[in-house]
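Student: work-v3.txt is reproduced below (compact mmCIF, C-alpha atoms).
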# COMPACT_ATOMS: atom_id res chain seq x y z
CA MET X 1060 -1.17 2.97 24.51
CA THR X 1061 -0.16 3.94 28.04
CA ALA X 1062 -0.43 7.47 29.42
CA ALA X 1063 3.37 7.71 29.61
CA HIS X 1064 3.70 6.51 26.01
CA SER X 1065 1.05 9.02 24.86
CA SER X 1066 2.77 11.83 26.77
CA ASP X 1067 6.12 10.98 25.19
CA HIS X 1068 4.57 11.17 21.68
CA ALA X 1069 2.95 14.50 22.52
CA ALA X 1070 6.31 15.89 23.60
CA HIS X 1071 8.15 14.36 20.63
CA PRO X 1072 5.74 14.06 17.69
CA LEU X 1073 6.79 11.86 14.77
CA SER X 1074 8.55 13.60 11.90
CA LYS X 1075 8.93 12.73 8.23
CA GLU X 1076 12.35 11.23 8.98
CA ARG X 1077 10.60 8.55 11.04
CA THR X 1078 7.47 8.05 8.97
CA ARG X 1079 8.81 8.05 5.38
CA ILE X 1080 11.58 6.22 3.52
CA GLN X 1081 14.60 8.01 2.07
CA ILE X 1082 14.47 9.17 -1.56
CA GLY X 1083 17.84 10.35 -2.80
CA THR X 1084 17.80 11.62 -6.38
CA THR X 1085 15.87 14.63 -7.68
CA HIS X 1086 13.05 14.12 -10.18
CA ARG X 1087 13.86 15.00 -13.77
CA PRO X 1088 10.60 15.06 -15.73
CA THR X 1089 10.66 13.81 -19.31
CA THR X 1090 7.48 15.73 -20.15
CA LYS X 1091 6.14 19.20 -19.37
CA ARG X 1092 2.69 17.96 -18.36
CA ALA X 1093 1.79 17.72 -14.70
CA ILE X 1094 2.53 14.37 -13.03
CA LYS X 1095 -0.56 12.32 -12.19
CA LEU X 1096 -1.19 9.49 -9.74
CA SER X 1097 -1.91 7.23 -12.71
CA ASP X 1098 1.75 7.66 -13.76
CA ALA X 1099 2.65 5.45 -10.79
CA LEU X 1100 0.63 2.49 -12.11
CA ASP X 1101 3.84 0.73 -13.06
CA PHE X 1102 4.42 -3.01 -12.57
CA TRP X 1103 7.40 -2.12 -10.33
CA SER X 1104 4.86 -0.85 -7.78
CA PHE X 1105 4.32 -4.52 -6.84
CA ALA X 1106 7.80 -4.42 -5.27
CA GLY X 1107 6.35 -2.55 -2.31
CA ALA X 1108 3.06 -4.44 -2.06
CA ALA X 1109 3.97 -6.53 1.00
CA ALA X 1110 5.37 -3.45 2.76
CA ASN X 1111 2.05 -1.73 2.16
CA VAL X 1112 0.23 -4.62 3.82
CA VAL X 1113 2.56 -4.26 6.82
CA MET X 1114 1.82 -0.54 7.00
CA GLN X 1115 -1.93 -1.05 6.83
CA LEU X 1116 -1.95 -3.79 9.46
CA ALA X 1117 0.29 -1.73 11.75
CA ARG X 1118 -2.87 0.01 12.96
CA PRO X 1119 -4.34 -2.48 15.47
CA GLY X 1120 -7.92 -2.10 14.19
CA VAL X 1121 -6.82 -3.07 10.68
CA GLY X 1122 -4.31 -5.68 11.83
CA TYR X 1123 -6.81 -7.59 13.94
CA GLY X 1124 -9.58 -7.10 11.40
CA VAL X 1125 -7.50 -8.83 8.73
CA ALA X 1126 -5.80 -11.46 10.90
CA GLU X 1127 -9.06 -12.51 12.58
CA SER X 1128 -11.29 -12.18 9.51
CA LYS X 1129 -13.67 -15.09 8.91
CA VAL X 1130 -14.09 -14.13 5.22
CA GLU X 1131 -11.93 -16.94 3.85
CA SER X 1132 -12.73 -16.15 0.20
CA GLY X 1133 -10.82 -12.88 0.51
CA SER X 1134 -8.06 -14.11 2.82
CA LEU X 1135 -4.49 -13.32 1.77
CA MET X 1136 -3.22 -16.44 3.53
CA HIS X 1137 -5.80 -18.79 1.97
CA HIS X 1138 -6.23 -17.24 -1.49
CA PRO X 1139 -3.10 -15.09 -2.16
CA TRP X 1140 -3.51 -14.84 -5.93
CA LYS X 1141 -7.17 -13.92 -5.76
CA ARG X 1142 -6.42 -11.32 -3.07
CA ALA X 1143 -3.64 -9.86 -5.22
CA ARG X 1144 -6.03 -9.61 -8.18
CA THR X 1145 -8.88 -7.99 -6.26
CA THR X 1146 -6.59 -5.50 -4.51
CA THR X 1147 -4.94 -4.49 -7.78
CA GLN X 1148 -8.32 -4.20 -9.46
CA TYR X 1149 -9.54 -2.00 -6.63
CA LEU X 1150 -6.60 0.33 -7.27
CA ALA X 1151 -7.23 0.32 -11.02
CA VAL X 1152 -10.90 1.18 -10.52
CA ALA X 1153 -10.15 3.83 -7.88
CA ILE X 1154 -7.59 5.60 -10.08
CA LEU X 1155 -8.78 4.97 -13.63
CA GLY X 1156 -12.41 3.85 -13.34
CA THR X 1157 -15.65 5.76 -13.83
CA GLU X 1158 -17.93 6.78 -10.97
CA ALA X 1159 -20.29 3.92 -11.87
CA GLU X 1160 -17.42 1.41 -11.73
CA ARG X 1161 -16.25 2.77 -8.38
CA LEU X 1162 -19.78 2.42 -7.02
CA ALA X 1163 -19.99 -1.18 -8.25
CA TYR X 1164 -16.67 -2.06 -6.62
CA ARG X 1165 -17.65 -0.30 -3.40
CA GLU X 1166 -20.80 -2.40 -3.18
CA ALA X 1167 -18.80 -5.58 -3.78
CA VAL X 1168 -16.31 -4.70 -1.04
CA ASN X 1169 -19.16 -3.81 1.31
CA VAL X 1170 -20.49 -7.37 1.08
CA ALA X 1171 -17.22 -8.71 2.47
CA HIS X 1172 -16.75 -5.88 4.97
CA ARG X 1173 -20.14 -6.49 6.62
CA GLN X 1174 -18.68 -9.70 8.06
CA VAL X 1175 -15.54 -8.06 9.49
CA ARG X 1176 -16.15 -6.76 13.00
CA SER X 1177 -14.72 -7.62 16.39
CA ALA X 1178 -16.55 -9.98 18.72
CA PRO X 1179 -18.14 -8.62 21.91
CA GLY X 1180 -15.49 -8.16 24.59
CA ALA X 1181 -12.57 -8.46 22.13
CA PRO X 1182 -9.38 -6.74 23.35
CA VAL X 1183 -9.03 -4.86 20.06
CA LYS X 1184 -12.21 -3.31 18.65
CA TYR X 1185 -12.58 -3.04 14.90
CA ASN X 1186 -15.19 -2.66 12.21
CA ALA X 1187 -14.41 -2.78 8.50
CA PHE X 1188 -16.83 0.15 7.98
CA ASP X 1189 -14.81 2.40 10.32
CA ARG X 1190 -14.06 5.37 8.06
CA ASN X 1191 -10.99 6.37 10.04
CA LEU X 1192 -9.45 2.94 9.50
CA GLN X 1193 -10.39 3.08 5.82
CA LEU X 1194 -8.73 6.50 5.61
CA TRP X 1195 -5.56 4.98 7.09
CA VAL X 1196 -5.59 2.14 4.54
CA ALA X 1197 -6.12 4.59 1.66
CA ALA X 1198 -3.29 6.79 2.97
CA CYS X 1199 -0.98 3.76 3.06
CA LEU X 1200 -1.90 3.01 -0.56
CA TYR X 1201 -1.08 6.59 -1.52
CA ILE X 1202 2.28 6.41 0.27
CA GLY X 1203 3.06 3.22 -1.65
CA PHE X 1204 2.40 4.85 -5.00
CA GLU X 1205 4.36 7.98 -4.14
CA ASP X 1206 7.34 6.04 -2.82
CA THR X 1207 7.53 3.72 -5.80
CA TYR X 1208 7.17 6.57 -8.27
CA GLN X 1209 9.94 8.56 -6.59
CA LEU X 1210 12.29 5.58 -6.35
CA LEU X 1211 11.92 5.18 -10.12
CA GLN X 1212 11.78 8.84 -11.15
CA GLY X 1213 13.43 10.78 -8.30
CA ARG X 1214 12.20 12.95 -5.45
CA MET X 1215 9.42 15.32 -6.55
CA SER X 1216 9.41 19.05 -5.85
CA ASP X 1217 6.55 20.46 -3.76
CA GLU X 1218 4.77 21.58 -6.94
CA GLN X 1219 5.15 18.19 -8.61
CA ALA X 1220 4.00 16.41 -5.45
CA GLU X 1221 0.89 18.60 -5.27
CA ALA X 1222 -0.03 17.79 -8.88
CA PHE X 1223 0.56 14.09 -8.23
CA TYR X 1224 -1.66 14.24 -5.14
CA VAL X 1225 -4.63 16.11 -6.67
CA SER X 1226 -6.72 13.11 -7.74
CA SER X 1227 -5.68 10.72 -4.97
CA SER X 1228 -8.83 11.01 -2.82
CA THR X 1229 -10.54 8.25 -4.85
CA LEU X 1230 -8.23 5.76 -3.12
CA GLY X 1231 -10.48 6.31 -0.09
CA THR X 1232 -13.76 7.59 -1.50
CA THR X 1233 -14.14 4.39 -3.53
CA LEU X 1234 -14.90 2.97 -0.07
CA GLN X 1235 -16.64 4.93 2.72
CA VAL X 1236 -14.13 7.74 3.14
CA THR X 1237 -15.81 11.06 2.41
CA GLU X 1238 -14.17 13.74 0.28
CA ASP X 1239 -13.91 16.13 3.23
CA MET X 1240 -12.04 13.49 5.28
CA TRP X 1241 -9.25 13.25 2.71
CA PRO X 1242 -6.52 15.86 3.42
CA ALA X 1243 -7.09 18.76 1.04
CA THR X 1244 -3.45 19.46 0.12
CA ARG X 1245 -0.19 17.54 0.04
CA ALA X 1246 1.02 19.47 3.11
CA ASP X 1247 -2.21 18.56 4.94
CA PHE X 1248 -1.57 14.93 4.04
CA ASP X 1249 1.91 15.08 5.57
CA ARG X 1250 0.44 16.36 8.82
CA TYR X 1251 -2.27 13.70 8.80
CA TRP X 1252 0.28 10.95 8.07
CA ASN X 1253 2.69 11.91 10.85
CA GLU X 1254 -0.16 12.13 13.36
CA ALA X 1255 -1.75 8.87 12.20
CA CYS X 1256 1.57 7.05 12.52
CA GLU X 1257 1.44 7.79 16.26
CA GLN X 1258 -1.18 5.03 16.42
CA VAL X 1259 1.05 2.40 14.83
CA ALA X 1260 1.47 -0.58 17.15
CA ILE X 1261 2.20 -4.18 16.11
CA ASP X 1262 1.78 -6.79 18.84
CA GLU X 1263 2.90 -10.43 18.81
CA TYR X 1264 -0.36 -11.68 17.27
CA VAL X 1265 -0.29 -9.38 14.24
CA ARG X 1266 3.51 -9.68 13.98
CA GLY X 1267 3.07 -13.45 13.67
CA TYR X 1268 0.57 -12.97 10.85
CA LEU X 1269 2.94 -10.61 9.04
CA THR X 1270 5.88 -12.96 9.56
CA ASP X 1271 3.91 -15.72 7.82
CA LEU X 1272 3.32 -13.26 4.97
CA LEU X 1273 7.01 -12.36 4.65
CA GLU X 1274 7.97 -16.04 4.84
CA LEU X 1275 5.50 -16.63 1.96
CA ARG X 1276 3.88 -19.47 3.89
CA MET X 1277 0.68 -19.07 1.84
CA ILE X 1278 2.29 -20.38 -1.37
CA HIS X 1279 3.96 -23.65 -2.36
CA TRP X 1280 7.50 -24.22 -1.08
CA TYR X 1281 9.00 -24.39 -4.60
CA LEU X 1282 7.79 -20.82 -5.24
CA ARG X 1283 8.65 -19.71 -1.73
CA LEU X 1284 12.35 -20.60 -1.75
CA PRO X 1285 13.57 -18.44 -4.67
CA PHE X 1286 11.55 -15.35 -3.72
CA ARG X 1287 11.43 -15.26 0.10
CA ASN X 1288 14.72 -13.42 0.72
CA LEU X 1289 14.05 -10.89 -2.04
CA LEU X 1290 10.57 -10.23 -0.69
CA LYS X 1291 11.93 -9.61 2.82
CA PHE X 1292 14.61 -7.26 1.51
CA LEU X 1293 12.19 -5.24 -0.62
CA THR X 1294 9.56 -5.14 2.12
CA ILE X 1295 11.89 -3.86 4.81
CA GLY X 1296 13.40 -1.37 2.35
CA PHE X 1297 9.95 0.07 1.61
CA LEU X 1298 9.17 0.50 5.32
CA ALA X 1299 9.86 3.75 7.17
CA PRO X 1300 11.74 3.49 10.50
CA VAL X 1301 8.58 3.59 12.65
CA PHE X 1302 7.24 0.47 10.91
CA ARG X 1303 10.57 -1.39 10.96
CA GLU X 1304 10.80 -0.88 14.69
CA GLN X 1305 7.29 -2.19 15.28
CA LEU X 1306 7.91 -5.20 13.04
CA GLN X 1307 11.20 -5.74 14.91
CA VAL X 1308 13.36 -6.13 11.81
CA ARG X 1309 16.94 -5.02 11.27
CA TRP X 1310 17.99 -2.60 8.52
CA THR X 1311 21.58 -1.40 8.26
CA ALA X 1312 23.27 1.39 6.34
CA THR X 1313 24.64 -1.29 4.01
CA ASP X 1314 21.12 -2.58 3.39
CA GLN X 1315 19.99 0.96 2.59
CA ARG X 1316 22.80 1.39 0.04
CA ARG X 1317 21.93 -1.93 -1.60
CA PHE X 1318 18.28 -0.92 -1.78
CA GLU X 1319 19.11 2.46 -3.33
CA HIS X 1320 21.54 0.91 -5.84
CA LEU X 1321 18.92 -1.66 -6.83
CA PHE X 1322 16.44 1.08 -7.70
CA VAL X 1323 19.04 3.13 -9.56
CA PHE X 1324 19.47 0.06 -11.77
CA VAL X 1325 15.72 -0.64 -12.01
CA ALA X 1326 15.00 3.01 -12.86
CA PHE X 1327 17.61 2.90 -15.64
CA VAL X 1328 16.20 -0.30 -17.14
CA ASN X 1329 12.67 1.08 -16.82
CA ARG X 1330 13.43 3.86 -19.30
CA PHE X 1331 13.75 1.29 -22.07
CA ILE X 1332 10.54 -0.61 -21.32
CA PRO X 1333 7.57 0.78 -23.28
CA ARG X 1334 4.92 2.43 -21.15
CA PHE X 1335 2.16 0.17 -22.49
CA LEU X 1336 4.07 -2.83 -21.12
CA ARG X 1337 4.81 -1.26 -17.73
CA HIS X 1338 1.23 -0.09 -17.27
CA GLY X 1339 -0.55 -2.70 -19.36
CA GLY X 1340 -1.32 -5.09 -16.51
CA THR X 1341 -3.42 -2.48 -14.72
CA HIS X 1342 -5.46 -1.74 -17.83
CA ALA X 1343 -6.00 -5.48 -18.39
CA LEU X 1344 -7.30 -5.84 -14.82
CA LEU X 1345 -9.61 -2.87 -15.30
CA ALA X 1346 -10.91 -4.46 -18.50
CA ASP X 1347 -11.64 -7.62 -16.50
CA VAL X 1348 -13.64 -5.58 -13.96
CA ARG X 1349 -15.67 -4.04 -16.76
CA ARG X 1350 -16.32 -7.48 -18.24
CA ARG X 1351 -17.44 -8.80 -14.83
CA ILE X 1352 -19.79 -5.84 -14.37
CA ARG X 1353 -21.23 -6.30 -17.84
CA LYS X 1354 -21.81 -10.03 -17.26
CA GLN X 1355 -23.01 -9.43 -13.68
CA ARG X 1356 -20.30 -11.64 -12.21
CA LYS X 1357 -18.72 -11.28 -8.76
CA LEU X 1358 -16.03 -8.60 -8.57
CA ILE X 1359 -14.24 -9.95 -5.50
Once more with this new file: its structure as structure tokens, please.

Tutor:
Amino acid sequence: MTAAHSSDHAAHPLSKERTRIQIGTTHRPTTKRAIKLSDALDFWSFAGAAANVVMQLARPGVGYGVAESKVESGSLMHHPWKRARTTTQYLAVAILGTEAERLAYREAVNVAHRQVRSAPGAPVKYNAFDRNLQLWVAACLYIGFEDTYQLLQGRMSDEQAEAFYVSSSTLGTTLQVTEDMWPATRADFDRYWNEACEQVAIDEYVRGYLTDLLELRMIHWYLRLPFRNLLKFLTIGFLAPVFREQLQVRWTATDQRRFEHLFVFVAFVNRFIPRFLRHGGTHALLADVRRRIRKQRKLI
């Protein structure tokens, strides 16, 4: 980042309008209990999964760490289905698991992370054990859950958002993020997020990696063709303006209306799908983690 660029950000700090997507309708709770992060473990949350990858990799240290990683066994481009499973299981363990299960998953991730560090003299320095980068990744995961939940249920009030946020720190502390690093309140998180988004910068190298992802070049062509356009549409729709600009993608007012109308329809249909079906996949993945721990098999 140049001095002029840094000065411009200091004079005009990013606001929520630039760092978050639009949520139109107001939340109408169907129960009097406080909303929890686990309420967002809905299979519709996969709709924003690729957008979350874009957000995470928009920080250069994460982008280069993933794109240059030599850990092929965990590569999204080489083993997309395995990576989808391990990422989803991480989220299940972080949100629903016990402390012992979180520790076991942390140790498994550490094995892979020890191999992810920049070479001497590399233009972009990174280390998978960098707690600030892990905090950014965890914050992106939280944003993904909050956005998906609100698209399905409506925009939360400040009180609802605070209740939803209360237990979210495990998204980071299941790795190396310490409890005191995680913003204490929902308002603190907003401040952290807007400031952290100042460091978003996607160059040609990382943009090429993300383009391959959005083109679904890691899966067979017969699966790619029917889903590629939908994936692009959903991904761009789940990205806030600051990320769209860095990715250099176009999003019109018509696109925004189509995106909103899609989720009005999805939210309506979702009311008639039993909760155990919408959330069942996450519990099945958590059960698989517990089986792997019990049988002392690899978690990732």

Student: What does the distance between atom CA of Met1277 of chain X and atom CA of Ser1177 of chain X come to in Å, to one decimal place?

Tutor: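 Separation of atom CA of Met1277 of chain X and atom CA of Ser1177 of chain X: 24.1 Å.
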
Student: Tell me, as a list in words, which residues lie within 12 Å of Asp1239 of chain X, counting all atoms listed in the file; anything in the same chain fewer than 6 positions away does not count.

Tutor: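 The contact residues come out as Arg1190, Leu1194, Ser1228, Thr1229, Gly1231 and Thr1232 of chain X.
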
Student: Counting only C-alpha atoms, which of X:Ser1226, X:Thr1207, X:Gln1193, X:Thr1147 gets nearest to Ile1094 of chain X?

Tutor: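 Of the candidates, the smallest distance to Ile1094 of chain X is held by X:Ser1226.
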
Student: Which residues come within 9 Å of Gly1107 of chain X, counting only C-alpha atoms, excluding same-chain residues fewer than 2 positions away, as a ChimeraX atom specification?

Tutor: /X:1103-1105,1109-1112,1203-1204,1206-1207,1290,1293-1294,1296-1298

Student: Of the residues X:Tyr1123, X:Phe1324, X:Phe1102, X:Tyr1268, which is the one nearest to Val1183 of chain X, using only C-alpha atoms?

Tutor: X:Tyr1123

Student: What does the distance between atom CA of Met1114 of chain X and atom CA of Glu1158 of chain X come to in Å, to one decimal place?

Tutor: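 That distance, rounded to one decimal, is 27.7 Å.
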
Student: Separation of atom CA of Gly1156 of chain X and atom CA of Val1348 of chain X, in Å?

Tutor: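 We find that atom CA of Gly1156 of chain X and atom CA of Val1348 of chain X lie 9.5 Å from each other.
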
Student: Missing atoms in segment 1228-1240 of chain X need filling: write out N, CA, C and O atoms for it as a PDB file, keeping the file's coordinate frame.

Tutor:
ATOM      1  N   SER X1228      -7.769  11.266  -3.809  1.00  0.00           N
ATOM      2  CA  SER X1228      -8.830  11.010  -2.820  1.00  0.00           C
ATOM      3  C   SER X1228      -9.672   9.791  -3.178  1.00  0.00           C
ATOM      4  O   SER X1228     -10.259   9.155  -2.294  1.00  0.00           O
ATOM      5  N   THR X1229      -9.728   9.409  -4.461  1.00  0.00           N
ATOM      6  CA  THR X1229     -10.540   8.250  -4.850  1.00  0.00           C
ATOM      7  C   THR X1229     -10.002   6.951  -4.260  1.00  0.00           C
ATOM      8  O   THR X1229     -10.717   5.948  -4.227  1.00  0.00           O
ATOM      9  N   LEU X1230      -8.752   6.950  -3.798  1.00  0.00           N
ATOM     10  CA  LEU X1230      -8.230   5.760  -3.120  1.00  0.00           C
ATOM     11  C   LEU X1230      -9.062   5.446  -1.875  1.00  0.00           C
ATOM     12  O   LEU X1230      -9.179   4.290  -1.474  1.00  0.00           O
ATOM     13  N   GLY X1231      -9.640   6.492  -1.266  1.00  0.00           N
ATOM     14  CA  GLY X1231     -10.480   6.310  -0.090  1.00  0.00           C
ATOM     15  C   GLY X1231     -11.954   6.421  -0.376  1.00  0.00           C
ATOM     16  O   GLY X1231     -12.761   5.662   0.175  1.00  0.00           O
ATOM     17  N   THR X1232     -12.325   7.351  -1.249  1.00  0.00           N
ATOM     18  CA  THR X1232     -13.760   7.590  -1.500  1.00  0.00           C
ATOM     19  C   THR X1232     -14.400   6.453  -2.294  1.00  0.00           C
ATOM     20  O   THR X1232     -15.627   6.360  -2.360  1.00  0.00           O
ATOM     21  N   THR X1233     -13.585   5.579  -2.901  1.00  0.00           N
ATOM     22  CA  THR X1233     -14.140   4.390  -3.530  1.00  0.00           C
ATOM     23  C   THR X1233     -14.670   3.431  -2.467  1.00  0.00           C
ATOM     24  O   THR X1233     -15.447   2.521  -2.773  1.00  0.00           O
ATOM     25  N   LEU X1234     -14.295   3.664  -1.210  1.00  0.00           N
ATOM     26  CA  LEU X1234     -14.900   2.970  -0.070  1.00  0.00           C
ATOM     27  C   LEU X1234     -15.827   3.960   0.636  1.00  0.00           C
ATOM     28  O   LEU X1234     -16.575   4.656  -0.009  1.00  0.00           O
ATOM     29  N   GLN X1235     -15.738   4.044   1.974  1.00  0.00           N
ATOM     30  CA  GLN X1235     -16.640   4.930   2.720  1.00  0.00           C
ATOM     31  C   GLN X1235     -16.024   6.264   3.119  1.00  0.00           C
ATOM     32  O   GLN X1235     -16.686   7.084   3.748  1.00  0.00           O
ATOM     33  N   VAL X1236     -14.774   6.482   2.792  1.00  0.00           N
ATOM     34  CA  VAL X1236     -14.130   7.740   3.140  1.00  0.00           C
ATOM     35  C   VAL X1236     -14.794   8.873   2.370  1.00  0.00           C
ATOM     36  O   VAL X1236     -14.952   8.791   1.153  1.00  0.00           O
ATOM     37  N   THR X1237     -15.168   9.920   3.073  1.00  0.00           N
ATOM     38  CA  THR X1237     -15.810  11.060   2.410  1.00  0.00           C
ATOM     39  C   THR X1237     -14.749  12.022   1.888  1.00  0.00           C
ATOM     40  O   THR X1237     -13.618  12.060   2.399  1.00  0.00           O
ATOM     41  N   GLU X1238     -15.121  12.810   0.898  1.00  0.00           N
ATOM     42  CA  GLU X1238     -14.170  13.740   0.280  1.00  0.00           C
ATOM     43  C   GLU X1238     -13.584  14.703   1.299  1.00  0.00           C
ATOM     44  O   GLU X1238     -12.392  15.031   1.245  1.00  0.00           O
ATOM     45  N   ASP X1239     -14.410  15.155   2.258  1.00  0.00           N
ATOM     46  CA  ASP X1239     -13.910  16.130   3.230  1.00  0.00           C
ATOM     47  C   ASP X1239     -12.982  15.494   4.262  1.00  0.00           C
ATOM     48  O   ASP X1239     -12.245  16.201   4.951  1.00  0.00           O
ATOM     49  N   MET X1240     -12.972  14.166   4.378  1.00  0.00           N
ATOM     50  CA  MET X1240     -12.040  13.490   5.280  1.00  0.00           C
ATOM     51  C   MET X1240     -10.634  13.441   4.690  1.00  0.00           C
ATOM     52  O   MET X1240      -9.643  13.444   5.416  1.00  0.00           O
TER      53      MET X1240
END
